[in-house]
>>> print(open('upload-v1.pdb').read())   # PDB, C-alpha atoms, pLDDT in the B column
ATOM      1  CA  MET A   1     -27.883  -8.871   6.813  1.00 56.00           C
ATOM      2  CA  SER A   2     -29.987 -11.433   8.522  1.00 75.00           C
ATOM      3  CA  SER A   3     -29.522 -12.712  12.025  1.00 83.00           C
ATOM      4  CA  ASP A   4     -28.423 -16.081  10.547  1.00 84.00           C
ATOM      5  CA  VAL A   5     -25.476 -14.363   8.904  1.00 83.00           C
ATOM      6  CA  TYR A   6     -24.580 -12.685  12.198  1.00 85.00           C
ATOM      7  CA  ARG A   7     -24.702 -16.033  13.994  1.00 88.00           C
ATOM      8  CA  ARG A   8     -22.455 -17.628  11.364  1.00 86.00           C
ATOM      9  CA  ILE A   9     -19.994 -14.743  11.689  1.00 88.00           C
ATOM     10  CA  GLN A  10     -19.863 -15.029  15.474  1.00 89.00           C
ATOM     11  CA  ALA A  11     -19.382 -18.808  15.254  1.00 89.00           C
ATOM     12  CA  SER A  12     -16.579 -18.520  12.702  1.00 88.00           C
ATOM     13  CA  PRO A  13     -13.068 -19.396  13.885  1.00 91.00           C
ATOM     14  CA  LYS A  14     -11.769 -16.689  11.553  1.00 92.00           C
ATOM     15  CA  PHE A  15     -13.888 -14.122  13.417  1.00 92.00           C
ATOM     16  CA  ALA A  16     -12.386 -15.230  16.724  1.00 94.00           C
ATOM     17  CA  GLU A  17      -8.936 -14.921  15.147  1.00 94.00           C
ATOM     18  CA  LEU A  18      -9.753 -11.418  13.848  1.00 94.00           C
ATOM     19  CA  VAL A  19     -10.945 -10.289  17.276  1.00 95.00           C
ATOM     20  CA  ARG A  20      -7.869 -11.809  18.942  1.00 96.00           C
ATOM     21  CA  GLN A  21      -5.390 -10.228  16.491  1.00 95.00           C
ATOM     22  CA  ARG A  22      -7.050  -6.834  16.529  1.00 95.00           C
ATOM     23  CA  SER A  23      -7.322  -6.740  20.304  1.00 96.00           C
ATOM     24  CA  ARG A  24      -3.735  -7.850  20.832  1.00 97.00           C
ATOM     25  CA  PHE A  25      -2.405  -5.247  18.381  1.00 96.00           C
ATOM     26  CA  ALA A  26      -4.559  -2.466  19.854  1.00 95.00           C
ATOM     27  CA  TRP A  27      -3.414  -3.319  23.391  1.00 96.00           C
ATOM     28  CA  LEU A  28       0.214  -3.396  22.285  1.00 96.00           C
ATOM     29  CA  LEU A  29      -0.074   0.061  20.734  1.00 95.00           C
ATOM     30  CA  SER A  30      -2.032   1.400  23.698  1.00 95.00           C
ATOM     31  CA  LEU A  31       0.537   0.167  26.194  1.00 96.00           C
ATOM     32  CA  THR A  32       3.328   1.624  24.065  1.00 95.00           C
ATOM     33  CA  VAL A  33       1.675   5.051  23.974  1.00 94.00           C
ATOM     34  CA  LEU A  34       0.845   4.991  27.694  1.00 95.00           C
ATOM     35  CA  GLY A  35       4.368   3.855  28.573  1.00 96.00           C
ATOM     36  CA  LEU A  36       5.940   6.636  26.531  1.00 93.00           C
ATOM     37  CA  PHE A  37       3.547   9.270  27.820  1.00 93.00           C
ATOM     38  CA  TYR A  38       3.887   8.348  31.490  1.00 95.00           C
ATOM     39  CA  GLY A  39       7.627   7.864  31.062  1.00 94.00           C
ATOM     40  CA  PHE A  40       7.788  11.431  29.819  1.00 94.00           C
ATOM     41  CA  ILE A  41       5.707  12.654  32.760  1.00 95.00           C
ATOM     42  CA  LEU A  42       7.995  10.806  35.199  1.00 95.00           C
ATOM     43  CA  LEU A  43      11.037  12.264  33.473  1.00 93.00           C
ATOM     44  CA  VAL A  44       9.673  15.778  33.858  1.00 93.00           C
ATOM     45  CA  ALA A  45       8.720  15.104  37.492  1.00 95.00           C
ATOM     46  CA  PHE A  46      11.960  13.493  38.662  1.00 95.00           C
ATOM     47  CA  ARG A  47      14.648  14.807  36.279  1.00 94.00           C
ATOM     48  CA  PRO A  48      13.498  18.232  35.067  1.00 92.00           C
ATOM     49  CA  SER A  49      17.098  19.378  34.700  1.00 93.00           C
ATOM     50  CA  LEU A  50      17.591  16.804  31.938  1.00 92.00           C
ATOM     51  CA  MET A  51      14.869  18.443  29.868  1.00 91.00           C
ATOM     52  CA  SER A  52      16.621  21.824  30.077  1.00 90.00           C
ATOM     53  CA  GLU A  53      19.992  20.554  28.829  1.00 92.00           C
ATOM     54  CA  ARG A  54      21.120  22.136  25.596  1.00 92.00           C
ATOM     55  CA  LEU A  55      21.602  19.874  22.586  1.00 90.00           C
ATOM     56  CA  SER A  56      25.057  21.260  21.896  1.00 90.00           C
ATOM     57  CA  GLU A  57      27.388  23.939  23.217  1.00 90.00           C
ATOM     58  CA  GLY A  58      25.959  27.361  22.378  1.00 88.00           C
ATOM     59  CA  SER A  59      22.681  25.947  21.082  1.00 87.00           C
ATOM     60  CA  MET A  60      19.421  27.616  21.992  1.00 91.00           C
ATOM     61  CA  LEU A  61      17.528  24.320  21.590  1.00 92.00           C
ATOM     62  CA  THR A  62      17.086  22.158  24.668  1.00 93.00           C
ATOM     63  CA  LEU A  63      16.236  18.484  24.975  1.00 93.00           C
ATOM     64  CA  GLY A  64      12.641  19.110  26.170  1.00 92.00           C
ATOM     65  CA  PRO A  65      11.086  20.290  22.879  1.00 92.00           C
ATOM     66  CA  VAL A  66      12.973  17.613  20.947  1.00 93.00           C
ATOM     67  CA  VAL A  67      11.569  14.874  23.188  1.00 93.00           C
ATOM     68  CA  ILE A  68       8.042  16.264  22.965  1.00 93.00           C
ATOM     69  CA  LEU A  69       8.169  16.586  19.169  1.00 94.00           C
ATOM     70  CA  SER A  70       9.673  13.098  18.877  1.00 95.00           C
ATOM     71  CA  MET A  71       6.814  11.673  20.900  1.00 94.00           C
ATOM     72  CA  PHE A  72       4.283  13.523  18.756  1.00 93.00           C
ATOM     73  CA  VAL A  73       5.846  12.106  15.589  1.00 96.00           C
ATOM     74  CA  LEU A  74       6.008   8.623  17.113  1.00 95.00           C
ATOM     75  CA  PHE A  75       2.310   8.741  18.012  1.00 94.00           C
ATOM     76  CA  TRP A  76       1.498   9.599  14.388  1.00 95.00           C
ATOM     77  CA  VAL A  77       3.696   6.710  13.220  1.00 96.00           C
ATOM     78  CA  LEU A  78       1.918   4.309  15.575  1.00 95.00           C
ATOM     79  CA  THR A  79      -1.437   5.535  14.272  1.00 95.00           C
ATOM     80  CA  ALA A  80      -0.250   4.976  10.702  1.00 97.00           C
ATOM     81  CA  LEU A  81       0.857   1.458  11.654  1.00 95.00           C
ATOM     82  CA  TYR A  82      -2.578   0.674  13.021  1.00 95.00           C
ATOM     83  CA  VAL A  83      -4.317   2.092   9.947  1.00 96.00           C
ATOM     84  CA  ARG A  84      -2.036   0.096   7.659  1.00 96.00           C
ATOM     85  CA  ARG A  85      -2.675  -3.121   9.581  1.00 95.00           C
ATOM     86  CA  ALA A  86      -6.425  -2.425   9.654  1.00 94.00           C
ATOM     87  CA  ASN A  87      -6.544  -1.744   5.918  1.00 95.00           C
ATOM     88  CA  THR A  88      -4.571  -4.869   5.027  1.00 93.00           C
ATOM     89  CA  ARG A  89      -4.669  -7.853   7.378  1.00 93.00           C
ATOM     90  CA  PHE A  90      -7.824  -6.983   9.313  1.00 94.00           C
ATOM     91  CA  ASP A  91      -9.816  -6.061   6.195  1.00 94.00           C
ATOM     92  CA  GLU A  92      -8.690  -9.255   4.439  1.00 93.00           C
ATOM     93  CA  LEU A  93      -9.875 -11.352   7.370  1.00 93.00           C
ATOM     94  CA  ASN A  94     -13.098  -9.370   7.530  1.00 93.00           C
ATOM     95  CA  GLN A  95     -13.847  -9.942   3.853  1.00 92.00           C
ATOM     96  CA  ALA A  96     -13.103 -13.676   4.147  1.00 91.00           C
ATOM     97  CA  ILE A  97     -15.428 -13.938   7.159  1.00 92.00           C
ATOM     98  CA  LEU A  98     -18.235 -12.120   5.332  1.00 89.00           C
ATOM     99  CA  LYS A  99     -17.858 -14.276   2.215  1.00 89.00           C
ATOM    100  CA  GLU A 100     -18.031 -17.453   4.274  1.00 87.00           C
ATOM    101  CA  ALA A 101     -21.015 -16.258   6.283  1.00 85.00           C
ATOM    102  CA  VAL A 102     -23.006 -15.157   3.250  1.00 84.00           C
ATOM    103  CA  LYS A 103     -22.033 -18.234   1.217  1.00 81.00           C
ATOM    104  CA  GLY A 104     -22.973 -20.529   4.123  1.00 70.00           C
ATOM    105  CA  GLY A 105     -26.583 -19.364   3.917  1.00 58.00           C
ATOM    106  CA  ARG A 106     -27.033 -20.324   0.273  1.00 58.00           C
TER     107      ARG A 106
END
>>> encode(input="upload-v1.pdb", output="structure tokens")
Amino acid sequence: MSSDVYRRIQASPKFAELVRQRSRFAWLLSLTVLGLFYGFILLVAFRPSLMSERLSEGSMLTLGPVVILSMFVLFWVLTALYVRRANTRFDELNQAILKEAVKGGR
């Protein structure tokens, strides 16, 4: 692509919208992951006895592994959410921006 196309892309209001939406969504997911992770660390630091509680009477399974596995699954779900959003909304905006930028040069 030529530098004219790049300039048209950067000047496009749709490009600014794409950057804004993508950044906001990425920050939201990042803060969610960091909040969960550091919340878990604080839980282990200040209430370790909670992590060793058994799930039910006579059970060998404690709350700790369940919480860790739940977080692992949640992180995969959040990643899938980002991929889905990137492959739908963000790609649609990207294609519209490229079409406008290329068409604008003709």
>>> resolve_selection(input="upload-v1.pdb", expression="the PyMOL selection byres ((chain A and resi 33-42) around 9)", output="list of chain:residue names")
A:Leu28, A:Leu29, A:Ser30, A:Leu31, A:Thr32, A:Leu43, A:Val44, A:Ala45, A:Phe46, A:Arg47, A:Val67, A:Ile68, A:Met71, A:Leu74, A:Phe75, A:Leu78
>>> closest_residue(input="upload-v1.pdb", among="A:Met60, A:Ala11, A:Ala26, A:Val19", to="Val83 (chain A)", atoms="all atoms listed in the file")
A:Ala26
>>> resolve_selection(input="upload-v1.pdb", expression="the PyMOL selection byres ((chain A and resi 97) around 12)", output="PyMOL selection string")
chain A and resi 5-19+90-96+98-104
>>> atom_distance(input="upload-v1.pdb", atom1="CA of Met51 (chain A)", atom2="CA of Thr79 (chain A)")
26.0 Å
>>> atom_distance(input="upload-v1.pdb", atom1="CA of Val66 (chain A)", atom2="CA of Ala80 (chain A)")
21.0 Å
>>> atom_distance(input="upload-v1.pdb", atom1="CA of Phe25 (chain A)", atom2="CA of Thr88 (chain A)")
13.5 Å
